[in-house]
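Structure file final.pdb (PDB, C-alpha atoms) is printed below.
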```
ATOM      1  CA  MET U   1     111.379 109.308 114.862
ATOM      2  CA  THR U   2     114.014 106.571 114.962
ATOM      3  CA  ARG U   3     113.256 103.328 113.163
ATOM      4  CA  THR U   4     115.433 100.261 113.290
ATOM      5  CA  SER U   5     115.520  97.399 110.820
ATOM      6  CA  THR U   6     114.882  93.852 111.922
ATOM      7  CA  THR U   7     116.602  90.806 110.493
ATOM      8  CA  THR U   8     113.851  88.253 111.023
ATOM      9  CA  ALA U   9     113.373  86.119 107.919
ATOM     10  CA  LEU U  10     110.072  86.624 106.135
ATOM     11  CA  PRO U  11     107.429  83.935 106.408
ATOM     12  CA  GLN U  12     106.365  82.129 103.246
ATOM     13  CA  ARG U  13     102.868  81.291 102.057
ATOM     14  CA  GLU U  14     101.724  78.999  99.272
ATOM     15  CA  ILE U  15     100.674  80.437  95.911
ATOM     16  CA  GLY U  16      97.162  79.061  95.671
ATOM     17  CA  THR U  17      97.353  75.284  95.798
ATOM     18  CA  SER U  18     100.451  75.146  93.574
ATOM     19  CA  GLY U  19     102.869  73.939  96.230
ATOM     20  CA  ILE U  20     105.113  76.930  95.481
ATOM     21  CA  PRO U  21     106.075  78.884  98.641
ATOM     22  CA  ALA U  22     106.362  82.635  98.122
ATOM     23  CA  SER U  23     107.649  85.251 100.526
ATOM     24  CA  LEU U  24     105.175  87.450 102.381
ATOM     25  CA  PHE U  25     106.512  90.383 100.357
ATOM     26  CA  SER U  26     107.358  90.411  96.655
ATOM     27  CA  LEU U  27     109.400  93.039  94.846
ATOM     28  CA  GLY U  28     108.175  94.622  91.620
ATOM     29  CA  SER U  29     110.216  96.045  88.769
ATOM     30  CA  TRP U  30     107.851  98.337  86.806
ATOM     31  CA  HIS U  31     110.277 101.037  85.510
ATOM     32  CA  THR U  32     112.258 101.156  88.746
ATOM     33  CA  TYR U  33     115.678  99.680  87.989
ATOM     34  CA  ASP U  34     116.317 101.836  84.921
ATOM     35  CA  ARG U  35     116.063 104.891  87.206
ATOM     36  CA  MET U  36     118.495 103.594  89.840
ATOM     37  CA  ASP U  37     122.244 103.465  90.106
ATOM     38  CA  PHE U  38     123.148  99.916  89.071
ATOM     39  CA  GLY U  39     125.291  99.272  92.137
ATOM     40  CA  ASP U  40     122.550 100.480  94.465
ATOM     41  CA  ALA U  41     119.957  98.352  92.675
ATOM     42  CA  THR U  42     122.166  95.260  92.902
ATOM     43  CA  ALA U  43     122.847  95.817  96.603
ATOM     44  CA  MET U  44     119.113  96.233  97.218
ATOM     45  CA  LEU U  45     118.366  92.981  95.404
ATOM     46  CA  ARG U  46     120.980  91.115  97.413
ATOM     47  CA  GLU U  47     119.600  92.464 100.681
ATOM     48  CA  ALA U  48     116.037  91.611  99.681
ATOM     49  CA  VAL U  49     117.000  87.973  99.119
ATOM     50  CA  ASP U  50     119.045  87.906 102.327
ATOM     51  CA  ARG U  51     115.979  89.172 104.198
ATOM     52  CA  GLY U  52     113.814  86.409 102.742
ATOM     53  CA  VAL U  53     112.196  87.971  99.661
ATOM     54  CA  ASN U  54     112.054  85.267  97.009
ATOM     55  CA  LEU U  55     109.399  86.466  94.526
ATOM     56  CA  PHE U  56     110.229  89.115  91.919
ATOM     57  CA  ASP U  57     107.649  90.553  89.524
ATOM     58  CA  VAL U  58     109.521  91.378  86.316
ATOM     59  CA  GLY U  59     107.582  92.359  83.208
ATOM     60  CA  VAL U  60     108.397  93.488  79.679
ATOM     61  CA  TYR U  61     106.856  96.951  79.875
ATOM     62  CA  THR U  62     107.113  97.856  76.226
ATOM     63  CA  GLY U  63     105.562  96.794  72.946
ATOM     64  CA  PRO U  64     104.779  97.874  69.375
ATOM     65  CA  GLY U  65     104.475 101.641  69.152
ATOM     66  CA  MET U  66     105.827 102.134  72.673
ATOM     67  CA  PRO U  67     109.225 103.488  73.687
ATOM     68  CA  PRO U  68     111.810 100.824  74.565
ATOM     69  CA  ALA U  69     112.095  99.764  78.208
ATOM     70  CA  PHE U  70     114.932  97.851  79.797
ATOM     71  CA  THR U  71     114.144  97.432  83.493
ATOM     72  CA  ASP U  72     113.770  93.655  83.050
ATOM     73  CA  VAL U  73     117.084  93.412  81.195
ATOM     74  CA  ILE U  74     118.745  95.405  83.962
ATOM     75  CA  PHE U  75     117.205  93.017  86.480
ATOM     76  CA  SER U  76     118.929  90.115  84.748
ATOM     77  CA  ALA U  77     122.263  91.894  85.150
ATOM     78  CA  MET U  78     121.458  92.627  88.801
ATOM     79  CA  VAL U  79     120.857  88.913  89.441
ATOM     80  CA  ARG U  80     124.250  88.046  88.004
ATOM     81  CA  ALA U  81     126.044  90.870  89.802
ATOM     82  CA  ALA U  82     124.417  89.915  93.109
ATOM     83  CA  GLY U  83     125.571  86.329  92.649
ATOM     84  CA  LEU U  84     122.089  84.848  93.021
ATOM     85  CA  ARG U  85     121.485  81.209  92.265
ATOM     86  CA  ARG U  86     118.320  80.434  90.325
ATOM     87  CA  ASP U  87     116.987  78.342  93.219
ATOM     88  CA  GLU U  88     117.168  81.387  95.509
ATOM     89  CA  TRP U  89     114.421  83.343  93.770
ATOM     90  CA  LEU U  90     111.116  83.008  91.932
ATOM     91  CA  LEU U  91     110.318  84.850  88.718
ATOM     92  CA  SER U  92     106.829  86.235  88.238
ATOM     93  CA  SER U  93     106.419  87.389  84.637
ATOM     94  CA  LYS U  94     103.578  89.285  82.961
ATOM     95  CA  LEU U  95     101.727  87.997  79.898
ATOM     96  CA  TRP U  96      99.711  90.531  77.923
ATOM     97  CA  LEU U  97      96.413  89.463  76.380
ATOM     98  CA  GLU U  98      96.809  92.073  73.641
ATOM     99  CA  ALA U  99      99.632  89.926  72.206
ATOM    100  CA  PHE U 100      97.809  86.586  72.447
ATOM    101  CA  GLY U 101      97.398  85.213  68.925
ATOM    102  CA  ALA U 102      97.576  82.060  66.849
ATOM    103  CA  ASP U 103     100.813  81.013  68.547
ATOM    104  CA  GLY U 104      99.413  81.627  72.024
ATOM    105  CA  PHE U 105     101.515  83.131  74.781
ATOM    106  CA  ARG U 106     104.711  81.261  73.930
ATOM    107  CA  PRO U 107     106.398  83.920  71.729
ATOM    108  CA  GLN U 108     106.056  86.703  74.300
ATOM    109  CA  LEU U 109     106.947  84.390  77.185
ATOM    110  CA  GLU U 110     110.104  83.180  75.456
ATOM    111  CA  ASN U 111     111.051  86.800  74.761
ATOM    112  CA  ALA U 112     110.481  87.687  78.424
ATOM    113  CA  LEU U 113     112.585  84.738  79.585
ATOM    114  CA  PHE U 114     115.335  85.634  77.097
ATOM    115  CA  ARG U 115     115.458  89.204  78.400
ATOM    116  CA  VAL U 116     115.739  88.027  82.015
ATOM    117  CA  GLY U 117     118.127  85.233  81.099
ATOM    118  CA  VAL U 118     116.283  82.244  82.551
ATOM    119  CA  GLU U 119     114.610  79.132  81.177
ATOM    120  CA  HIS U 120     111.294  79.238  83.002
ATOM    121  CA  ALA U 121     108.950  81.482  84.960
ATOM    122  CA  ASP U 122     107.732  80.228  88.314
ATOM    123  CA  LEU U 123     104.571  82.298  87.969
ATOM    124  CA  VAL U 124     102.959  84.213  85.125
ATOM    125  CA  ILE U 125     100.270  86.813  85.607
ATOM    126  CA  LEU U 126      97.816  87.543  82.799
ATOM    127  CA  GLY U 127      97.280  91.260  82.269
ATOM    128  CA  ASP U 128      93.927  93.029  82.387
ATOM    129  CA  LEU U 129      91.085  91.415  80.434
ATOM    130  CA  ARG U 130      90.268  94.127  77.898
ATOM    131  CA  ARG U 131      89.620  91.976  74.821
ATOM    132  CA  ASP U 132      86.155  90.609  74.100
ATOM    133  CA  ASP U 133      87.264  88.374  71.214
ATOM    134  CA  LEU U 134      89.123  85.806  73.341
ATOM    135  CA  GLU U 135      87.931  82.329  74.222
ATOM    136  CA  LEU U 136      88.939  81.817  77.838
ATOM    137  CA  ARG U 137      89.239  78.089  77.203
ATOM    138  CA  ASP U 138      92.025  78.838  74.707
ATOM    139  CA  LEU U 139      93.941  80.722  77.399
ATOM    140  CA  VAL U 140      93.553  77.891  79.911
ATOM    141  CA  LEU U 141      94.753  75.234  77.458
ATOM    142  CA  ASP U 142      97.639  77.357  76.218
ATOM    143  CA  LEU U 143      98.862  77.911  79.772
ATOM    144  CA  ALA U 144      98.563  74.183  80.470
ATOM    145  CA  ASP U 145     100.768  73.546  77.440
ATOM    146  CA  LEU U 146     103.367  76.027  78.695
ATOM    147  CA  ALA U 147     103.370  74.207  82.038
ATOM    148  CA  ASP U 148     103.759  70.836  80.315
ATOM    149  CA  ARG U 149     106.763  72.209  78.424
ATOM    150  CA  GLY U 150     108.375  73.361  81.684
ATOM    151  CA  LEU U 151     108.175  77.054  80.760
ATOM    152  CA  ILE U 152     105.906  78.009  83.682
ATOM    153  CA  ARG U 153     104.983  76.467  87.020
ATOM    154  CA  ALA U 154     101.795  78.345  87.937
ATOM    155  CA  TRP U 155      99.656  81.209  86.682
ATOM    156  CA  GLY U 156      97.303  83.904  87.867
ATOM    157  CA  VAL U 157      95.510  87.036  86.707
ATOM    158  CA  ASN U 158      95.694  90.784  87.249
ATOM    159  CA  ASN U 159      92.531  92.735  88.137
ATOM    160  CA  TRP U 160      90.062  90.273  86.579
ATOM    161  CA  SER U 161      86.490  90.124  87.849
ATOM    162  CA  ALA U 162      85.432  87.346  90.184
ATOM    163  CA  THR U 163      83.033  86.065  87.529
ATOM    164  CA  SER U 164      85.769  85.753  84.903
ATOM    165  CA  ILE U 165      88.122  84.020  87.335
ATOM    166  CA  GLN U 166      85.410  81.547  88.285
ATOM    167  CA  THR U 167      84.975  80.804  84.591
ATOM    168  CA  LEU U 168      88.711  80.082  84.327
ATOM    169  CA  ILE U 169      88.542  77.764  87.350
ATOM    170  CA  ASP U 170      85.566  75.888  85.913
ATOM    171  CA  LEU U 171      87.127  75.549  82.462
ATOM    172  CA  ALA U 172      90.382  74.237  83.932
ATOM    173  CA  ALA U 173      88.505  71.698  86.050
ATOM    174  CA  ALA U 174      86.537  70.512  83.027
ATOM    175  CA  GLU U 175      89.742  70.079  81.018
ATOM    176  CA  GLY U 176      91.637  68.437  83.860
ATOM    177  CA  VAL U 177      94.409  71.050  83.842
ATOM    178  CA  PRO U 178      95.650  73.511  86.486
ATOM    179  CA  GLY U 179      93.640  76.700  86.845
ATOM    180  CA  PRO U 180      94.553  80.144  88.164
ATOM    181  CA  GLN U 181      96.348  80.084  91.501
ATOM    182  CA  ILE U 182      96.523  83.750  92.461
ATOM    183  CA  ALA U 183      94.804  87.060  91.740
ATOM    184  CA  GLN U 184      96.861  90.240  91.684
ATOM    185  CA  LEU U 185      94.422  92.934  92.848
ATOM    186  CA  LYS U 186      94.564  96.526  93.968
ATOM    187  CA  TYR U 187      94.326  96.329  97.753
ATOM    188  CA  SER U 188      94.883  99.115 100.231
ATOM    189  CA  VAL U 189      93.274 100.893 103.162
ATOM    190  CA  SER U 190      91.463 102.958 100.513
ATOM    191  CA  ARG U 191      90.611 100.306  97.899
ATOM    192  CA  ARG U 192      89.160  97.253  99.625
ATOM    193  CA  SER U 193      85.746  96.561  98.130
ATOM    194  CA  ILE U 194      86.772  93.967  95.557
ATOM    195  CA  PRO U 195      89.224  91.754  97.526
ATOM    196  CA  ASP U 196      87.085  92.032 100.675
ATOM    197  CA  GLY U 197      83.770  91.483  98.890
ATOM    198  CA  ALA U 198      81.565  88.396  98.779
ATOM    199  CA  PRO U 199      82.311  87.414  95.141
ATOM    200  CA  PHE U 200      86.031  87.056  95.818
ATOM    201  CA  ALA U 201      85.381  85.438  99.192
ATOM    202  CA  ARG U 202      83.890  82.508  97.267
ATOM    203  CA  LEU U 203      87.099  82.259  95.214
ATOM    204  CA  TRP U 204      89.332  82.369  98.296
ATOM    205  CA  GLU U 205      87.337  79.423  99.668
ATOM    206  CA  GLN U 206      88.251  77.437  96.535
ATOM    207  CA  GLY U 207      91.984  77.884  97.117
ATOM    208  CA  LEU U 208      92.737  81.002  95.059
ATOM    209  CA  THR U 209      95.037  83.394  96.934
ATOM    210  CA  LEU U 210      95.725  87.117  96.802
ATOM    211  CA  GLN U 211      98.712  89.133  95.693
ATOM    212  CA  ALA U 212      98.064  92.648  96.978
ATOM    213  CA  SER U 213      99.284  95.384  94.649
ATOM    214  CA  ASP U 214      99.139  99.182  94.433
ATOM    215  CA  CYS U 215      98.881  99.203  98.222
ATOM    216  CA  LEU U 216     100.058 102.830  98.485
ATOM    217  CA  GLU U 217      97.999 104.263  95.613
ATOM    218  CA  GLY U 218     101.095 105.024  93.572
ATOM    219  CA  GLY U 219     102.748 106.702  96.559
ATOM    220  CA  VAL U 220      99.782 108.896  97.517
ATOM    221  CA  LEU U 221      99.254 107.130 100.847
ATOM    222  CA  ALA U 222     102.943 107.607 101.574
ATOM    223  CA  GLY U 223     102.418 111.365 101.222
ATOM    224  CA  LYS U 224     103.462 111.832  97.583
ATOM    225  CA  VAL U 225     100.467 113.867  96.451
ATOM    226  CA  ASN U 226     102.120 116.386  94.119
ATOM    227  CA  GLY U 227     100.773 114.682  90.992
ATOM    228  CA  ASP U 228     104.080 114.147  89.178
ATOM    229  CA  ARG U 229     103.992 110.331  89.413
ATOM    230  CA  GLN U 230     102.476 107.805  87.017
ATOM    231  CA  ILE U 231      99.550 106.240  88.882
ATOM    232  CA  GLY U 232      97.173 103.473  87.836
ATOM    233  CA  ARG U 233      93.536 103.912  86.923
ATOM    234  CA  ASP U 234      90.999 105.178  89.447
ATOM    235  CA  PRO U 235      87.980 102.842  89.772
ATOM    236  CA  GLY U 236      85.138 104.640  91.486
ATOM    237  CA  ASP U 237      86.721 108.061  90.905
ATOM    238  CA  ILE U 238      87.880 108.205  94.535
ATOM    239  CA  ARG U 239      91.473 109.407  94.212
ATOM    240  CA  GLN U 240      90.746 112.940  95.407
ATOM    241  CA  ARG U 241      89.128 111.557  98.544
ATOM    242  CA  ILE U 242      92.233 109.424  99.114
ATOM    243  CA  ILE U 243      94.412 112.513  98.755
ATOM    244  CA  ASP U 244      92.176 114.414 101.169
ATOM    245  CA  ASP U 245      92.561 111.575 103.705
ATOM    246  CA  VAL U 246      96.375 111.657 103.653
ATOM    247  CA  PRO U 247      96.844 114.088 106.589
ATOM    248  CA  ALA U 248      94.632 111.999 108.904
ATOM    249  CA  PHE U 249      96.200 108.772 107.689
ATOM    250  CA  THR U 250      99.668 110.200 108.318
ATOM    251  CA  ALA U 251      98.646 111.265 111.811
ATOM    252  CA  LEU U 252      97.402 107.743 112.572
ATOM    253  CA  ALA U 253     100.685 106.242 111.369
ATOM    254  CA  GLU U 254     102.696 108.627 113.521
ATOM    255  CA  SER U 255     100.580 107.774 116.559
ATOM    256  CA  LEU U 256     101.563 104.123 116.004
ATOM    257  CA  GLY U 257     105.248 104.991 115.643
ATOM    258  CA  VAL U 258     105.522 104.022 111.968
ATOM    259  CA  ALA U 259     105.720 105.761 108.608
ATOM    260  CA  PRO U 260     102.509 106.040 106.529
ATOM    261  CA  ALA U 261     103.923 103.623 103.948
ATOM    262  CA  GLN U 262     104.517 101.035 106.646
ATOM    263  CA  LEU U 263     100.958 101.368 107.914
ATOM    264  CA  GLY U 264      99.575 101.019 104.385
ATOM    265  CA  ILE U 265     101.646  97.934 103.660
ATOM    266  CA  ALA U 266     100.890  96.386 107.051
ATOM    267  CA  PHE U 267      97.157  96.602 106.358
ATOM    268  CA  THR U 268      97.449  94.312 103.332
ATOM    269  CA  LEU U 269      98.943  91.582 105.512
ATOM    270  CA  THR U 270      95.658  91.277 107.412
ATOM    271  CA  HIS U 271      93.745  89.758 104.468
ATOM    272  CA  PRO U 272      93.095  86.074 105.256
ATOM    273  CA  ALA U 273      93.732  84.924 101.679
ATOM    274  CA  LEU U 274      96.957  86.868 101.163
ATOM    275  CA  THR U 275     100.000  85.059  99.830
ATOM    276  CA  THR U 276     102.185  88.096  99.163
ATOM    277  CA  THR U 277     102.145  91.888  98.997
ATOM    278  CA  LEU U 278     103.831  93.391  95.950
ATOM    279  CA  PHE U 279     105.670  96.690  96.222
ATOM    280  CA  GLY U 280     108.415  98.594  94.455
ATOM    281  CA  ALA U 281     111.475 100.030  96.184
ATOM    282  CA  SER U 282     114.097 102.395  94.825
ATOM    283  CA  SER U 283     116.570 102.298  97.723
ATOM    284  CA  ILE U 284     117.767  99.938 100.423
ATOM    285  CA  ALA U 285     116.319 102.271 103.049
ATOM    286  CA  GLN U 286     112.884 102.058 101.434
ATOM    287  CA  LEU U 287     113.168  98.287 101.123
ATOM    288  CA  ARG U 288     114.027  97.934 104.814
ATOM    289  CA  ALA U 289     111.183 100.187 105.914
ATOM    290  CA  ASN U 290     108.658  98.300 103.791
ATOM    291  CA  LEU U 291     109.789  94.909 105.044
ATOM    292  CA  ASP U 292     109.567  96.112 108.637
ATOM    293  CA  ALA U 293     105.841  96.810 108.140
ATOM    294  CA  ALA U 294     105.132  93.223 109.179
ATOM    295  CA  ALA U 295     106.209  94.057 112.708
ATOM    296  CA  LEU U 296     103.236  96.414 113.117
ATOM    297  CA  VAL U 297     100.734  93.591 112.592
ATOM    298  CA  ASP U 298     102.589  91.474 115.127
ATOM    299  CA  ARG U 299     102.551  94.358 117.611
ATOM    300  CA  ILE U 300      98.918  95.469 117.529
ATOM    301  CA  GLY U 301      97.124  92.557 115.856
ATOM    302  CA  ALA U 302      95.286  92.264 112.560
ATOM    303  CA  ALA U 303      91.810  92.980 113.931
ATOM    304  CA  GLU U 304      92.887  96.169 115.689
ATOM    305  CA  LEU U 305      94.794  97.384 112.654
ATOM    306  CA  ARG U 306      91.768  96.883 110.431
ATOM    307  CA  ARG U 307      89.601  98.747 112.942
ATOM    308  CA  LEU U 308      91.977 101.707 113.034
ATOM    309  CA  VAL U 309      92.102 102.168 109.264
ATOM    310  CA  GLU U 310      88.373 101.638 108.684
ATOM    311  CA  PRO U 311      87.715 105.398 108.193
ATOM    312  CA  PHE U 312      90.015 105.435 105.153
ATOM    313  CA  TRP U 313      88.014 102.861 103.160
ATOM    314  CA  ALA U 314      87.294 105.193 100.228
ATOM    315  CA  ASP U 315      85.751 102.808  97.684
ATOM    316  CA  ARG U 316      83.065 101.412  99.988
ATOM    317  CA  ASP U 317      79.791 101.753  98.043
ATOM    318  CA  ALA U 318      81.728 103.378  95.171
ATOM    319  CA  VAL U 319      82.995 100.192  93.500
ATOM    320  CA  ASP U 320      81.006  97.020  92.793
ATOM    321  CA  PRO U 321      82.775  94.053  94.463
ATOM    322  CA  GLU U 322      81.931  91.989  91.385
ATOM    323  CA  GLY U 323      83.741  94.385  89.073
ATOM    324  CA  PRO U 324      87.350  94.367  87.806
TER     325      PRO U 324
END
```

Take the structure from the file and write it as structure tokens.
Amino acid sequence: MTRTSTTTALPQREIGTSGIPASLFSLGSWHTYDRMDFGDATAMLREAVDRGVNLFDVGVYTGPGMPPAFTDVIFSAMVRAAGLRRDEWLLSSKLWLEAFGADGFRPQLENALFRVGVEHADLVILGDLRRDDLELRDLVLDLADLADRGLIRAWGVNNWSATSIQTLIDLAAAEGVPGPQIAQLKYSVSRRSIPDGAPFARLWEQGLTLQASDCLEGGVLAGKVNGDRQIGRDPGDIRQRIIDDVPAFTALAESLGVAPAQLGIAFTLTHPALTTTLFGASSIAQLRANLDAAALVDRIGAAELRRLVEPFWADRDAVDPEGP
């Protein structure tokens, strides 16, 4: 099957109500760049920006008791080698609640900015809410202070429940400070119950937007089912069903003239509250194929695409839409 790359610039959508325009696709770092040839990684970054990608998720994926990780430091070198101006790209950085203490988020944010070599993050995403000793009001006020100091422009959360996000929105409104603008959620043809459910629908109506992540189930939906990849947690214990669905999902993709990864990514673009879909790429070829997924939605339409992939909705009735 021959596939050609298009050169159409990506559309941009606003991050919540922040006024910040982000590209329809965003590129994640995870532990990707430390496994790539530096020249290849730099060329991929340059092409991504030339194609219209402007949002890059770059986290510090190490901490006390963990092995050192340098993918974010390598990213900073890639930016310089690619000759990117700071106004050409947006930095989305992770903030980990485990490290939130008396000094707030500022120490870890300043370390993250130092490692990437910039003075501010355009967006910060709070990691999973696993601590029960935190006052959410403290988080909201600390983030407002970081914004006042020019260290961040907007913030969001990763895999928080709709109830907790609503609490953040209400606290921010009561304090007269900006609240969360975006929710980074698992969203794929297989895992849909939370972003498509009624609790989050009420948040989308208030201006919160979606960053779709893990849209290929760690590569499983792209056919990588051999079990040698690090994959995220499995809410609803449905991963085996997803694996079992891969042959039929692959056949559907082939009938549409696209790769399975392109079909999986294209599905995420049909969510009405989507700002951006986050994916990782380890080669220019993979980057091009992923970006070309948008053409499938244009060709067959969002409603038809959602109808076609309906049989692969694996977490229907297995995951509570209110849950994390």

Task: Option closest in space to U:Gly28, from U:Arg299, U:Lys94, U:Arg316, U:Arg306 [counting all atoms listed in the file] - done: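 For U:Gly28, the nearest of the given residues is U:Lys94.
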
Task: stretch 109-116 of chain U surroundings by all atoms listed in the file, 12 Å radius, close-in-sequence under 2 positions cut, as a ChimeraX atom specification - done: /U:29,56-63,69-80,86,91-97,99-100,103-107,118-126,142-143,146-147,149-152

Open item on the list: Set the distance at 10 Å and use all atoms listed in the file: which residues neighbour stretch 254-256 of chain U once local chain neighbours fewer than 6 positions away are removed? I'd like the list as a PyMOL selection string.
Closed with: chain U and resi 1+248+263+296+299-300

Can you give me, as a PDB file with C-alpha atoms, in the coordinates of the input, the residues this file yields under the PyMOL selection byres ((chain U and resi 317-323) around 10)?
```
ATOM      1  CA  ASN U 159      92.531  92.735  88.137  1.00  0.00           C
ATOM      2  CA  TRP U 160      90.062  90.273  86.579  1.00  0.00           C
ATOM      3  CA  SER U 161      86.490  90.124  87.849  1.00  0.00           C
ATOM      4  CA  ALA U 162      85.432  87.346  90.184  1.00  0.00           C
ATOM      5  CA  THR U 163      83.033  86.065  87.529  1.00  0.00           C
ATOM      6  CA  SER U 164      85.769  85.753  84.903  1.00  0.00           C
ATOM      7  CA  ARG U 191      90.611 100.306  97.899  1.00  0.00           C
ATOM      8  CA  ARG U 192      89.160  97.253  99.625  1.00  0.00           C
ATOM      9  CA  SER U 193      85.746  96.561  98.130  1.00  0.00           C
ATOM     10  CA  ILE U 194      86.772  93.967  95.557  1.00  0.00           C
ATOM     11  CA  PRO U 195      89.224  91.754  97.526  1.00  0.00           C
ATOM     12  CA  ASP U 196      87.085  92.032 100.675  1.00  0.00           C
ATOM     13  CA  GLY U 197      83.770  91.483  98.890  1.00  0.00           C
ATOM     14  CA  ALA U 198      81.565  88.396  98.779  1.00  0.00           C
ATOM     15  CA  PRO U 199      82.311  87.414  95.141  1.00  0.00           C
ATOM     16  CA  PHE U 200      86.031  87.056  95.818  1.00  0.00           C
ATOM     17  CA  PRO U 235      87.980 102.842  89.772  1.00  0.00           C
ATOM     18  CA  GLY U 236      85.138 104.640  91.486  1.00  0.00           C
ATOM     19  CA  ASP U 237      86.721 108.061  90.905  1.00  0.00           C
ATOM     20  CA  ILE U 238      87.880 108.205  94.535  1.00  0.00           C
ATOM     21  CA  TRP U 313      88.014 102.861 103.160  1.00  0.00           C
ATOM     22  CA  ALA U 314      87.294 105.193 100.228  1.00  0.00           C
ATOM     23  CA  ASP U 315      85.751 102.808  97.684  1.00  0.00           C
ATOM     24  CA  ARG U 316      83.065 101.412  99.988  1.00  0.00           C
ATOM     25  CA  PRO U 324      87.350  94.367  87.806  1.00  0.00           C
TER      26      PRO U 324
END
```

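This file gives the following result for the PyMOL selection byres ((chain U and resi 44-55) around 8): Thr7, Thr8, Ala9, Leu10, Pro11, Ala22, Ser23, Leu24, Phe25, Ser26, Leu27, Asp40, Ala41, Thr42, Ala43, Phe56, Asp57, Met78, Val79, Ala82, Leu84, Glu88, Trp89, Leu90, Leu91, Ser92, Ser283, Ile284 and Leu287 of chain U.
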
Task: Long-range neighbours of U:Gln211 as a list in words, 8 Å cut-off, only C-alpha atoms, 3 positions minimum in chain - done: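 Counting only C-alpha atoms, the residues come to Ile182, Ala183, Gln184, Leu185, Leu274, Thr275, Thr276, Thr277 and Leu278 of chain U.
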